[in-house]
Structures are given as C-alpha cells and as structure tokens.
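*Asks:* I have a structure I would like to understand better, so I am pasting it below and will then ask my questions one at a time.
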Amino acid sequence: RIVYVNGDYLPEEEAKVSVFDRGFLMADGVYEVTSVLGGKILDFDGHAARLSRSLGELQMDAPCSDEELLAMFRELVARNEIEDGMVYLQVTRGNPGDRDFAFPPAGTAPTIVAFTQNKPGLAENPVAKTGIKVISIPDIRWGRRDIKTVQLLYPSMGKMMAKAAGADDAWMVEDGAVTEGTSNNAYIVKDGVIITRQLSEDILHGITRAAVLKFAAEAQMKIEERPFTIEEAQGADEAFITSASAFVMPVIEIDGTAIGSGTVGPVATRLREIYLAESL
Ligand code: PDD
C-alpha cells in the first residue's frame, strides 16, 4: 500500500511518525473516514467541513485547503487502485519533541497521515440483507463527541463487549436515552416515522446521517430528531444505523429482543438504496 505522510506518498513500510507525536501520546488528533465506491469519493464536502470544524474546536489550524485534501485523496485512491474502499485521514497536533501536557507553540507542524483500505464489493455487503444485532452499554465517553477525535478506546471496548455477547455492535446509553453506536448514528422507525437523536455535543454529527435525512425528507418521509430509550427501540417497527463505512445498515435485535418482524425492514432497505443510488 502507498500511504501519505506529511506531503510524501510512500510504501507503508517506509512511512514514519515520531514517538513524541501528540496523536500517539495524547490521542491529540482528529480523523475522517470517507468511502470510495466505483473509484468515486463519497460525501467529500461533508467530511472536509467536519474536519475543519473538529480542528477548529481543538484550536488546530487546517493543514491544507479542501482542494488540496481532495487532490491528495484522489492521488491515494489512484495509486492504490481503489475501486471500492475507504480513505482514512488523521491530523494530529504534531511532534513537540518531548512529552508535555501543554499544547506545543503555535507553528508546530501538524502530522497528516492518510491511507486507503481496499473493500471490493463494499456496496453489496450481504450483511445489509440480514441486519446486525446490537447490545446496549453505558455511554461513558467524554462530553465532546461532536469532535471526531482519535480517542477510540471506549468504542473499541464497546465493540468487544458486543462480540462477547454474540452481537455485532453496541448502542451507548446516557441518562436513559441512546446517544449513538460505537462508530455510527442510531435510528428507529415507528409507524413510518424515522426517529434519531438531535445534534448536540453528545453525538458525532454524522455525514451519512445528514445525507440520509436529506434524502428521507425529499422522499416525503417523516423525521423526528429526539432522544429515544432502549425500551422504545425494542418496541419499534425497525432500527438501523448509518456511517460512512456501513452506509445504512439494518438492526434486527437489541439486547436480545427482535425488532419488528426480526428481519430487515422496508424503510432501512429503501434508505440504503436511495443513499447508494444518490452517491454513485
Ligand atoms: N465512524 N458516530 C460515531 C461515534 C462515529 O465514529 C461515526 C463514524 C459516526 C457516523 O459518522 P459518518 O456518517 O460521518 O461516518 C457516528 C467512522 C466510520 C469510523 O470511526 O470508522
């Protein structure tokens, strides 16, 4: 694989980042995951806008313009001959030369790393036909989940808790209501209404969420942006998640309770079809 590090395109074995990098020592960095389908980069503008916002919230300067970023993504996709897959981008506060809690002086260069992941047939993922199972776990993450930082330890632990319980993912619950999945936004459908938590600092502002809600509104589907409980979700007709890597993925079971018929529902199926058709 050819990866990108601070302006260079290198074989992955030759790419190097300092042991003092603040991304490594302090999880002081932000990231974006963007899908590639048929060689096309999906929702680039949304991901670039969220990257700028994440950087701004952490008082980090944009490492390059959106145009330069898009050119770099395209270069990586081309060099790695990616038809279907992902581009991962990470920007950290760089290498201050030692470990220190205080931010390094202004002007310290950020570390920019990007790589591709090859996922042939990504859009035809068979799991979309059978759905996934989720468990609920408490949301004990920090309070700025709207910033896409690389602090992913608890989401990783949540994924492992789900696997240990024979499920695929975990929905996190705070003050009795679902916040989001470990790496996706969470939705239920009841009587034709799509219900998903409203945007705040409590959840990541999903780029796929924005696109899917826009398409749903255009298709005259009803949307309610509000919190919901696990009990309400278990009594819903359908449930699903969205993310740049999963697109729209049906959820058929929550904490061992089948949702609706216990099979993939029509709303999630339709939204997945619309999202993929609009994106390609
Ligand atoms: N995760 N919520 C969380 C906590 C996420 O990590 C993600 C994305 C989402 C969905 O956002 P988007 O639609 O912009 O991908 C919601 C990415 C895919 C990841 O960490 O791999």
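Order determines the names: the first chain of the structure tokens is A, the second B, and so forth; residues in each chain are numbered 1 upward, and ligands are numbered 1 upward as they are shown.
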List the neighbours of A:Pro104 out to 10 Å using only C-alpha atoms; skip same-chain residues closer than 6 positions along the sequence, and give me the result as a ChimeraX atom specification.

*Replies:* /A:22,93-98

*Asks:* Please report, as JSON lines, each residue of chain A lying at most 10 Å from ligand 1, together with the nearest pair of atoms and the separation in Å rounded to one decimal; use only C-alpha atoms and all ligand atoms, and order rows by chain and ascending residue number.

*Replies:*
```
{"residue": "A:Tyr31", "atom": "CA", "partner": "ligand 1", "partner_atom_place_in_ligand_line": "20 (O)", "distance": 8.1}
{"residue": "A:Glu32", "atom": "CA", "partner": "ligand 1", "partner_atom_place_in_ligand_line": "17 (C)", "distance": 7.0}
{"residue": "A:Val33", "atom": "CA", "partner": "ligand 1", "partner_atom_place_in_ligand_line": "18 (C)", "distance": 5.4}
{"residue": "A:Thr34", "atom": "CA", "partner": "ligand 1", "partner_atom_place_in_ligand_line": "15 (O)", "distance": 7.2}
{"residue": "A:Ser35", "atom": "CA", "partner": "ligand 1", "partner_atom_place_in_ligand_line": "15 (O)", "distance": 8.8}
{"residue": "A:Asp43", "atom": "CA", "partner": "ligand 1", "partner_atom_place_in_ligand_line": "14 (O)", "distance": 8.9}
{"residue": "A:Gly46", "atom": "CA", "partner": "ligand 1", "partner_atom_place_in_ligand_line": "14 (O)", "distance": 8.0}
{"residue": "A:His47", "atom": "CA", "partner": "ligand 1", "partner_atom_place_in_ligand_line": "14 (O)", "distance": 6.8}
{"residue": "A:Arg50", "atom": "CA", "partner": "ligand 1", "partner_atom_place_in_ligand_line": "14 (O)", "distance": 8.3}
{"residue": "A:Met86", "atom": "CA", "partner": "ligand 1", "partner_atom_place_in_ligand_line": "21 (O)", "distance": 9.4}
{"residue": "A:Tyr88", "atom": "CA", "partner": "ligand 1", "partner_atom_place_in_ligand_line": "21 (O)", "distance": 8.3}
{"residue": "A:Arg141", "atom": "CA", "partner": "ligand 1", "partner_atom_place_in_ligand_line": "4 (C)", "distance": 9.9}
{"residue": "A:Arg145", "atom": "CA", "partner": "ligand 1", "partner_atom_place_in_ligand_line": "4 (C)", "distance": 7.0}
{"residue": "A:Asp146", "atom": "CA", "partner": "ligand 1", "partner_atom_place_in_ligand_line": "4 (C)", "distance": 8.4}
{"residue": "A:Ile147", "atom": "CA", "partner": "ligand 1", "partner_atom_place_in_ligand_line": "4 (C)", "distance": 9.5}
{"residue": "A:Lys148", "atom": "CA", "partner": "ligand 1", "partner_atom_place_in_ligand_line": "6 (O)", "distance": 7.1}
{"residue": "A:Thr149", "atom": "CA", "partner": "ligand 1", "partner_atom_place_in_ligand_line": "6 (O)", "distance": 9.0}
{"residue": "A:Val150", "atom": "CA", "partner": "ligand 1", "partner_atom_place_in_ligand_line": "20 (O)", "distance": 8.5}
{"residue": "A:Leu152", "atom": "CA", "partner": "ligand 1", "partner_atom_place_in_ligand_line": "20 (O)", "distance": 8.0}
{"residue": "A:Pro155", "atom": "CA", "partner": "ligand 1", "partner_atom_place_in_ligand_line": "4 (C)", "distance": 7.5}
{"residue": "A:Ser156", "atom": "CA", "partner": "ligand 1", "partner_atom_place_in_ligand_line": "20 (O)", "distance": 9.9}
{"residue": "A:Trp171", "atom": "CA", "partner": "ligand 1", "partner_atom_place_in_ligand_line": "4 (C)", "distance": 9.9}
{"residue": "A:Met172", "atom": "CA", "partner": "ligand 1", "partner_atom_place_in_ligand_line": "4 (C)", "distance": 9.6}
{"residue": "A:Thr179", "atom": "CA", "partner": "ligand 1", "partner_atom_place_in_ligand_line": "2 (N)", "distance": 8.9}
{"residue": "A:Glu180", "atom": "CA", "partner": "ligand 1", "partner_atom_place_in_ligand_line": "2 (N)", "distance": 6.0}
{"residue": "A:Gly181", "atom": "CA", "partner": "ligand 1", "partner_atom_place_in_ligand_line": "2 (N)", "distance": 6.2}
{"residue": "A:Thr182", "atom": "CA", "partner": "ligand 1", "partner_atom_place_in_ligand_line": "4 (C)", "distance": 5.2}
{"residue": "A:Ser183", "atom": "CA", "partner": "ligand 1", "partner_atom_place_in_ligand_line": "6 (O)", "distance": 3.4}
{"residue": "A:Asn184", "atom": "CA", "partner": "ligand 1", "partner_atom_place_in_ligand_line": "16 (C)", "distance": 3.5}
{"residue": "A:Asn185", "atom": "CA", "partner": "ligand 1", "partner_atom_place_in_ligand_line": "16 (C)", "distance": 4.4}
{"residue": "A:Ala186", "atom": "CA", "partner": "ligand 1", "partner_atom_place_in_ligand_line": "16 (C)", "distance": 8.1}
{"residue": "A:Asp202", "atom": "CA", "partner": "ligand 1", "partner_atom_place_in_ligand_line": "4 (C)", "distance": 9.7}
{"residue": "A:Ile203", "atom": "CA", "partner": "ligand 1", "partner_atom_place_in_ligand_line": "2 (N)", "distance": 6.3}
{"residue": "A:Leu204", "atom": "CA", "partner": "ligand 1", "partner_atom_place_in_ligand_line": "2 (N)", "distance": 4.7}
{"residue": "A:His205", "atom": "CA", "partner": "ligand 1", "partner_atom_place_in_ligand_line": "11 (O)", "distance": 6.4}
{"residue": "A:Gly206", "atom": "CA", "partner": "ligand 1", "partner_atom_place_in_ligand_line": "11 (O)", "distance": 3.4}
{"residue": "A:Ile207", "atom": "CA", "partner": "ligand 1", "partner_atom_place_in_ligand_line": "14 (O)", "distance": 3.7}
{"residue": "A:Thr208", "atom": "CA", "partner": "ligand 1", "partner_atom_place_in_ligand_line": "13 (O)", "distance": 3.6}
{"residue": "A:Arg209", "atom": "CA", "partner": "ligand 1", "partner_atom_place_in_ligand_line": "13 (O)", "distance": 5.5}
{"residue": "A:Ala210", "atom": "CA", "partner": "ligand 1", "partner_atom_place_in_ligand_line": "13 (O)", "distance": 7.8}
{"residue": "A:Ala211", "atom": "CA", "partner": "ligand 1", "partner_atom_place_in_ligand_line": "13 (O)", "distance": 8.5}
{"residue": "A:Val212", "atom": "CA", "partner": "ligand 1", "partner_atom_place_in_ligand_line": "13 (O)", "distance": 9.2}
{"residue": "A:Ile241", "atom": "CA", "partner": "ligand 1", "partner_atom_place_in_ligand_line": "10 (C)", "distance": 8.5}
{"residue": "A:Thr242", "atom": "CA", "partner": "ligand 1", "partner_atom_place_in_ligand_line": "13 (O)", "distance": 5.8}
{"residue": "A:Ser243", "atom": "CA", "partner": "ligand 1", "partner_atom_place_in_ligand_line": "13 (O)", "distance": 3.5}
{"residue": "A:Ala244", "atom": "CA", "partner": "ligand 1", "partner_atom_place_in_ligand_line": "15 (O)", "distance": 3.6}
{"residue": "A:Ser245", "atom": "CA", "partner": "ligand 1", "partner_atom_place_in_ligand_line": "18 (C)", "distance": 5.1}
{"residue": "A:Ala246", "atom": "CA", "partner": "ligand 1", "partner_atom_place_in_ligand_line": "18 (C)", "distance": 7.4}
{"residue": "A:Phe247", "atom": "CA", "partner": "ligand 1", "partner_atom_place_in_ligand_line": "13 (O)", "distance": 7.4}
{"residue": "A:Val248", "atom": "CA", "partner": "ligand 1", "partner_atom_place_in_ligand_line": "13 (O)", "distance": 9.3}
```

*Asks:* Which polymer residues have any atom within 10 Å of an atom of stretch 257-266 of chain A, counting only C-alpha atoms, with same-chain residues fewer than 2 positions away left out, as a ChimeraX atom specification?

*Replies:* /A:127-135,188-190,192,231,233-240,249-255,268-272

*Asks:* Taking only stretch 62-259 of chain A into account, list the residues labelled strand (DSSP E or B) by DSSP (computed from the backbone), as an mmCIF file with N, CA and C atoms, in the first residue's frame.

*Replies:*
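Wrote out-v4.cif, looks like this:
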```cif
data_model
loop_
_atom_site.group_PDB
_atom_site.id
_atom_site.type_symbol
_atom_site.label_atom_id
_atom_site.label_comp_id
_atom_site.auth_asym_id
_atom_site.auth_seq_id
_atom_site.Cartn_x
_atom_site.Cartn_y
_atom_site.Cartn_z
ATOM 1 N N GLY A 85 -13.741 1.062 -1.370
ATOM 2 C CA GLY A 85 -12.965 1.018 -0.133
ATOM 3 C C GLY A 85 -13.105 2.302 0.647
ATOM 4 N N MET A 86 -12.043 2.649 1.348
ATOM 5 C CA MET A 86 -12.088 3.777 2.265
ATOM 6 C C MET A 86 -10.813 4.600 2.174
ATOM 7 N N VAL A 87 -10.945 5.890 2.484
ATOM 8 C CA VAL A 87 -9.763 6.713 2.742
ATOM 9 C C VAL A 87 -9.826 7.129 4.207
ATOM 10 N N TYR A 88 -8.775 6.839 4.948
ATOM 11 C CA TYR A 88 -8.659 7.253 6.349
ATOM 12 C C TYR A 88 -7.680 8.419 6.405
ATOM 13 N N LEU A 89 -8.100 9.487 7.078
ATOM 14 C CA LEU A 89 -7.246 10.666 7.232
ATOM 15 C C LEU A 89 -7.126 10.998 8.712
ATOM 16 N N GLN A 90 -5.918 11.280 9.144
ATOM 17 C CA GLN A 90 -5.703 11.672 10.546
ATOM 18 C C GLN A 90 -4.802 12.888 10.602
ATOM 19 N N VAL A 91 -5.203 13.858 11.400
ATOM 20 C CA VAL A 91 -4.380 15.061 11.600
ATOM 21 C C VAL A 91 -4.146 15.204 13.093
ATOM 22 N N THR A 92 -2.882 15.185 13.518
ATOM 23 C CA THR A 92 -2.594 15.354 14.949
ATOM 24 C C THR A 92 -1.836 16.663 15.183
ATOM 25 N N THR A 111 0.839 16.608 12.163
ATOM 26 C CA THR A 111 1.175 15.373 11.446
ATOM 27 C C THR A 111 -0.061 14.955 10.662
ATOM 28 N N ILE A 112 0.117 14.801 9.364
ATOM 29 C CA ILE A 112 -1.002 14.417 8.499
ATOM 30 C C ILE A 112 -0.687 13.049 7.921
ATOM 31 N N VAL A 113 -1.572 12.115 8.199
ATOM 32 C CA VAL A 113 -1.395 10.741 7.716
ATOM 33 C C VAL A 113 -2.670 10.340 7.000
ATOM 34 N N ALA A 114 -2.559 9.655 5.888
ATOM 35 C CA ALA A 114 -3.746 9.125 5.216
ATOM 36 C C ALA A 114 -3.400 7.809 4.543
ATOM 37 N N PHE A 115 -4.383 6.922 4.526
ATOM 38 C CA PHE A 115 -4.188 5.643 3.820
ATOM 39 C C PHE A 115 -5.524 5.145 3.314
ATOM 40 N N THR A 116 -5.450 4.218 2.381
ATOM 41 C CA THR A 116 -6.672 3.635 1.821
ATOM 42 C C THR A 116 -6.873 2.232 2.386
ATOM 43 N N GLN A 117 -8.113 1.776 2.344
ATOM 44 C CA GLN A 117 -8.431 0.379 2.658
ATOM 45 C C GLN A 117 -9.242 -0.146 1.487
ATOM 46 N N ASN A 118 -8.829 -1.282 0.959
ATOM 47 C CA ASN A 118 -9.491 -1.853 -0.207
ATOM 48 C C ASN A 118 -10.645 -2.759 0.248
ATOM 49 N N ILE A 132 -27.888 -6.464 11.578
ATOM 50 C CA ILE A 132 -26.953 -6.698 12.685
ATOM 51 C C ILE A 132 -27.700 -6.689 14.022
ATOM 52 N N LYS A 133 -27.027 -7.254 15.037
ATOM 53 C CA LYS A 133 -27.567 -7.277 16.403
ATOM 54 C C LYS A 133 -26.763 -6.301 17.256
ATOM 55 N N VAL A 134 -27.449 -5.557 18.098
ATOM 56 C CA VAL A 134 -26.723 -4.653 18.995
ATOM 57 C C VAL A 134 -27.092 -4.930 20.453
ATOM 58 N N ILE A 135 -26.148 -4.571 21.324
ATOM 59 C CA ILE A 135 -26.428 -4.586 22.759
ATOM 60 C C ILE A 135 -26.372 -3.137 23.229
ATOM 61 N N SER A 136 -26.879 -2.862 24.433
ATOM 62 C CA SER A 136 -26.739 -1.510 24.974
ATOM 63 C C SER A 136 -25.665 -1.515 26.050
ATOM 64 N N ILE A 137 -24.915 -0.430 26.094
ATOM 65 C CA ILE A 137 -23.881 -0.246 27.123
ATOM 66 C C ILE A 137 -23.944 1.218 27.572
ATOM 67 N N PRO A 138 -23.484 1.502 28.783
ATOM 68 C CA PRO A 138 -23.499 2.908 29.222
ATOM 69 C C PRO A 138 -22.536 3.746 28.387
ATOM 70 N N THR A 149 -12.385 12.968 17.414
ATOM 71 C CA THR A 149 -11.012 12.731 17.865
ATOM 72 C C THR A 149 -10.645 11.254 17.730
ATOM 73 N N ASP A 169 -22.564 -4.950 17.465
ATOM 74 C CA ASP A 169 -22.193 -3.587 17.838
ATOM 75 C C ASP A 169 -22.927 -3.208 19.120
ATOM 76 N N ALA A 170 -22.571 -2.048 19.670
ATOM 77 C CA ALA A 170 -23.220 -1.580 20.888
ATOM 78 C C ALA A 170 -23.809 -0.197 20.665
ATOM 79 N N TRP A 171 -24.998 0.023 21.211
ATOM 80 C CA TRP A 171 -25.597 1.355 21.266
ATOM 81 C C TRP A 171 -25.327 1.879 22.665
ATOM 82 N N MET A 172 -24.849 3.091 22.739
ATOM 83 C CA MET A 172 -24.488 3.661 24.034
ATOM 84 C C MET A 172 -25.652 4.478 24.587
ATOM 85 N N VAL A 173 -25.833 4.367 25.916
ATOM 86 C CA VAL A 173 -26.992 4.967 26.576
ATOM 87 C C VAL A 173 -26.522 5.924 27.655
ATOM 88 N N GLU A 174 -27.092 7.122 27.649
ATOM 89 C CA GLU A 174 -26.771 8.126 28.655
ATOM 90 C C GLU A 174 -28.070 8.759 29.142
ATOM 91 N N ALA A 177 -31.275 7.482 27.575
ATOM 92 C CA ALA A 177 -31.537 7.554 26.128
ATOM 93 C C ALA A 177 -30.304 7.126 25.323
ATOM 94 N N VAL A 178 -30.550 6.588 24.145
ATOM 95 C CA VAL A 178 -29.474 6.162 23.254
ATOM 96 C C VAL A 178 -28.768 7.412 22.711
ATOM 97 N N THR A 179 -27.442 7.409 22.800
ATOM 98 C CA THR A 179 -26.702 8.503 22.144
ATOM 99 C C THR A 179 -26.422 8.087 20.698
ATOM 100 N N GLU A 180 -25.564 7.056 20.527
ATOM 101 C CA GLU A 180 -25.224 6.578 19.172
ATOM 102 C C GLU A 180 -24.558 5.226 19.288
ATOM 103 N N GLY A 181 -24.231 4.625 18.143
ATOM 104 C CA GLY A 181 -23.484 3.375 18.131
ATOM 105 C C GLY A 181 -22.007 3.658 18.341
ATOM 106 N N ASN A 184 -21.220 4.817 14.699
ATOM 107 C CA ASN A 184 -22.336 5.078 13.780
ATOM 108 C C ASN A 184 -23.458 5.799 14.510
ATOM 109 N N ASN A 185 -24.361 6.398 13.773
ATOM 110 C CA ASN A 185 -25.544 7.029 14.360
ATOM 111 C C ASN A 185 -26.689 6.016 14.392
ATOM 112 N N ALA A 186 -27.578 6.175 15.380
ATOM 113 C CA ALA A 186 -28.630 5.188 15.644
ATOM 114 C C ALA A 186 -30.017 5.757 15.339
ATOM 115 N N TYR A 187 -30.875 4.902 14.791
ATOM 116 C CA TYR A 187 -32.231 5.305 14.372
ATOM 117 C C TYR A 187 -33.216 4.206 14.704
ATOM 118 N N ILE A 188 -34.484 4.614 14.923
ATOM 119 C CA ILE A 188 -35.584 3.650 14.947
ATOM 120 C C ILE A 188 -36.674 4.179 14.014
ATOM 121 N N VAL A 189 -37.581 3.291 13.645
ATOM 122 C CA VAL A 189 -38.719 3.668 12.803
ATOM 123 C C VAL A 189 -39.980 3.164 13.491
ATOM 124 N N LYS A 190 -40.943 4.069 13.702
ATOM 125 C CA LYS A 190 -42.207 3.663 14.315
ATOM 126 C C LYS A 190 -43.348 4.310 13.526
ATOM 127 N N VAL A 193 -42.426 6.799 10.956
ATOM 128 C CA VAL A 193 -41.626 7.971 11.334
ATOM 129 C C VAL A 193 -40.197 7.535 11.677
ATOM 130 N N ILE A 194 -39.226 8.217 11.088
ATOM 131 C CA ILE A 194 -37.813 7.944 11.377
ATOM 132 C C ILE A 194 -37.412 8.782 12.589
ATOM 133 N N ILE A 195 -36.936 8.119 13.640
ATOM 134 C CA ILE A 195 -36.581 8.826 14.878
ATOM 135 C C ILE A 195 -35.082 8.671 15.126
ATOM 136 N N THR A 196 -34.400 9.804 15.312
ATOM 137 C CA THR A 196 -32.963 9.773 15.605
ATOM 138 C C THR A 196 -32.624 10.952 16.499
ATOM 139 N N LYS A 222 -41.346 10.999 7.134
ATOM 140 C CA LYS A 222 -41.424 11.827 8.350
ATOM 141 C C LYS A 222 -40.209 11.558 9.243
ATOM 142 N N ILE A 223 -39.659 12.642 9.803
ATOM 143 C CA ILE A 223 -38.450 12.542 10.634
ATOM 144 C C ILE A 223 -38.692 13.255 11.958
ATOM 145 N N GLU A 224 -38.318 12.605 13.056
ATOM 146 C CA GLU A 224 -38.342 13.254 14.373
ATOM 147 C C GLU A 224 -36.935 13.172 14.938
ATOM 148 N N GLU A 225 -36.324 14.340 15.232
ATOM 149 C CA GLU A 225 -34.996 14.350 15.825
ATOM 150 C C GLU A 225 -35.157 14.568 17.326
ATOM 151 N N GLU A 238 -38.729 -0.863 13.173
ATOM 152 C CA GLU A 238 -37.423 -1.094 12.541
ATOM 153 C C GLU A 238 -36.366 -0.322 13.327
ATOM 154 N N ALA A 239 -35.118 -0.713 13.126
ATOM 155 C CA ALA A 239 -33.990 0.060 13.651
ATOM 156 C C ALA A 239 -32.867 -0.037 12.627
ATOM 157 N N PHE A 240 -32.013 0.981 12.619
ATOM 158 C CA PHE A 240 -30.860 0.924 11.712
ATOM 159 C C PHE A 240 -29.784 1.885 12.178
ATOM 160 N N ILE A 241 -28.622 1.781 11.549
ATOM 161 C CA ILE A 241 -27.511 2.686 11.837
ATOM 162 C C ILE A 241 -27.045 3.300 10.519
ATOM 163 N N THR A 242 -26.303 4.414 10.626
ATOM 164 C CA THR A 242 -25.642 4.957 9.438
ATOM 165 C C THR A 242 -24.199 5.321 9.779
ATOM 166 N N SER A 243 -23.323 5.142 8.805
ATOM 167 C CA SER A 243 -21.950 5.647 8.898
ATOM 168 C C SER A 243 -21.342 5.621 7.510
ATOM 169 N N PHE A 247 -22.840 2.705 5.488
ATOM 170 C CA PHE A 247 -23.939 3.357 4.756
ATOM 171 C C PHE A 247 -25.187 3.289 5.646
ATOM 172 N N VAL A 248 -26.246 2.618 5.179
ATOM 173 C CA VAL A 248 -27.424 2.385 6.042
ATOM 174 C C VAL A 248 -27.436 0.887 6.323
ATOM 175 N N MET A 249 -27.401 0.502 7.601
ATOM 176 C CA MET A 249 -27.342 -0.916 7.958
ATOM 177 C C MET A 249 -28.477 -1.251 8.938
ATOM 178 N N PRO A 250 -29.362 -2.199 8.560
ATOM 179 C CA PRO A 250 -30.476 -2.538 9.434
ATOM 180 C C PRO A 250 -30.009 -3.200 10.742
ATOM 181 N N VAL A 251 -30.732 -2.914 11.820
ATOM 182 C CA VAL A 251 -30.518 -3.554 13.126
ATOM 183 C C VAL A 251 -31.746 -4.414 13.388
ATOM 184 N N ILE A 252 -31.540 -5.699 13.656
ATOM 185 C CA ILE A 252 -32.698 -6.609 13.809
ATOM 186 C C ILE A 252 -32.920 -7.062 15.244
ATOM 187 N N GLU A 253 -31.969 -6.750 16.126
ATOM 188 C CA GLU A 253 -32.104 -7.198 17.512
ATOM 189 C C GLU A 253 -31.389 -6.225 18.446
ATOM 190 N N ILE A 254 -32.054 -5.885 19.568
ATOM 191 C CA ILE A 254 -31.432 -5.008 20.570
ATOM 192 C C ILE A 254 -31.537 -5.693 21.930
ATOM 193 N N THR A 257 -33.782 -8.693 22.081
ATOM 194 C CA THR A 257 -35.179 -8.553 21.656
ATOM 195 C C THR A 257 -35.233 -8.263 20.153
ATOM 196 N N ALA A 258 -36.016 -9.061 19.430
ATOM 197 C CA ALA A 258 -36.162 -8.839 17.985
ATOM 198 C C ALA A 258 -36.917 -7.536 17.748
#
```

*Asks:* Considering only C-alpha atoms, return as a PyMOL selection string whatever protein or nucleic-acid residues lie within 12 Å of A:Asp100, sequence-local ones (same chain, fewer than 5 positions apart) excluded.

*Replies:* chain A and resi 20-22+25-26+28+95+105
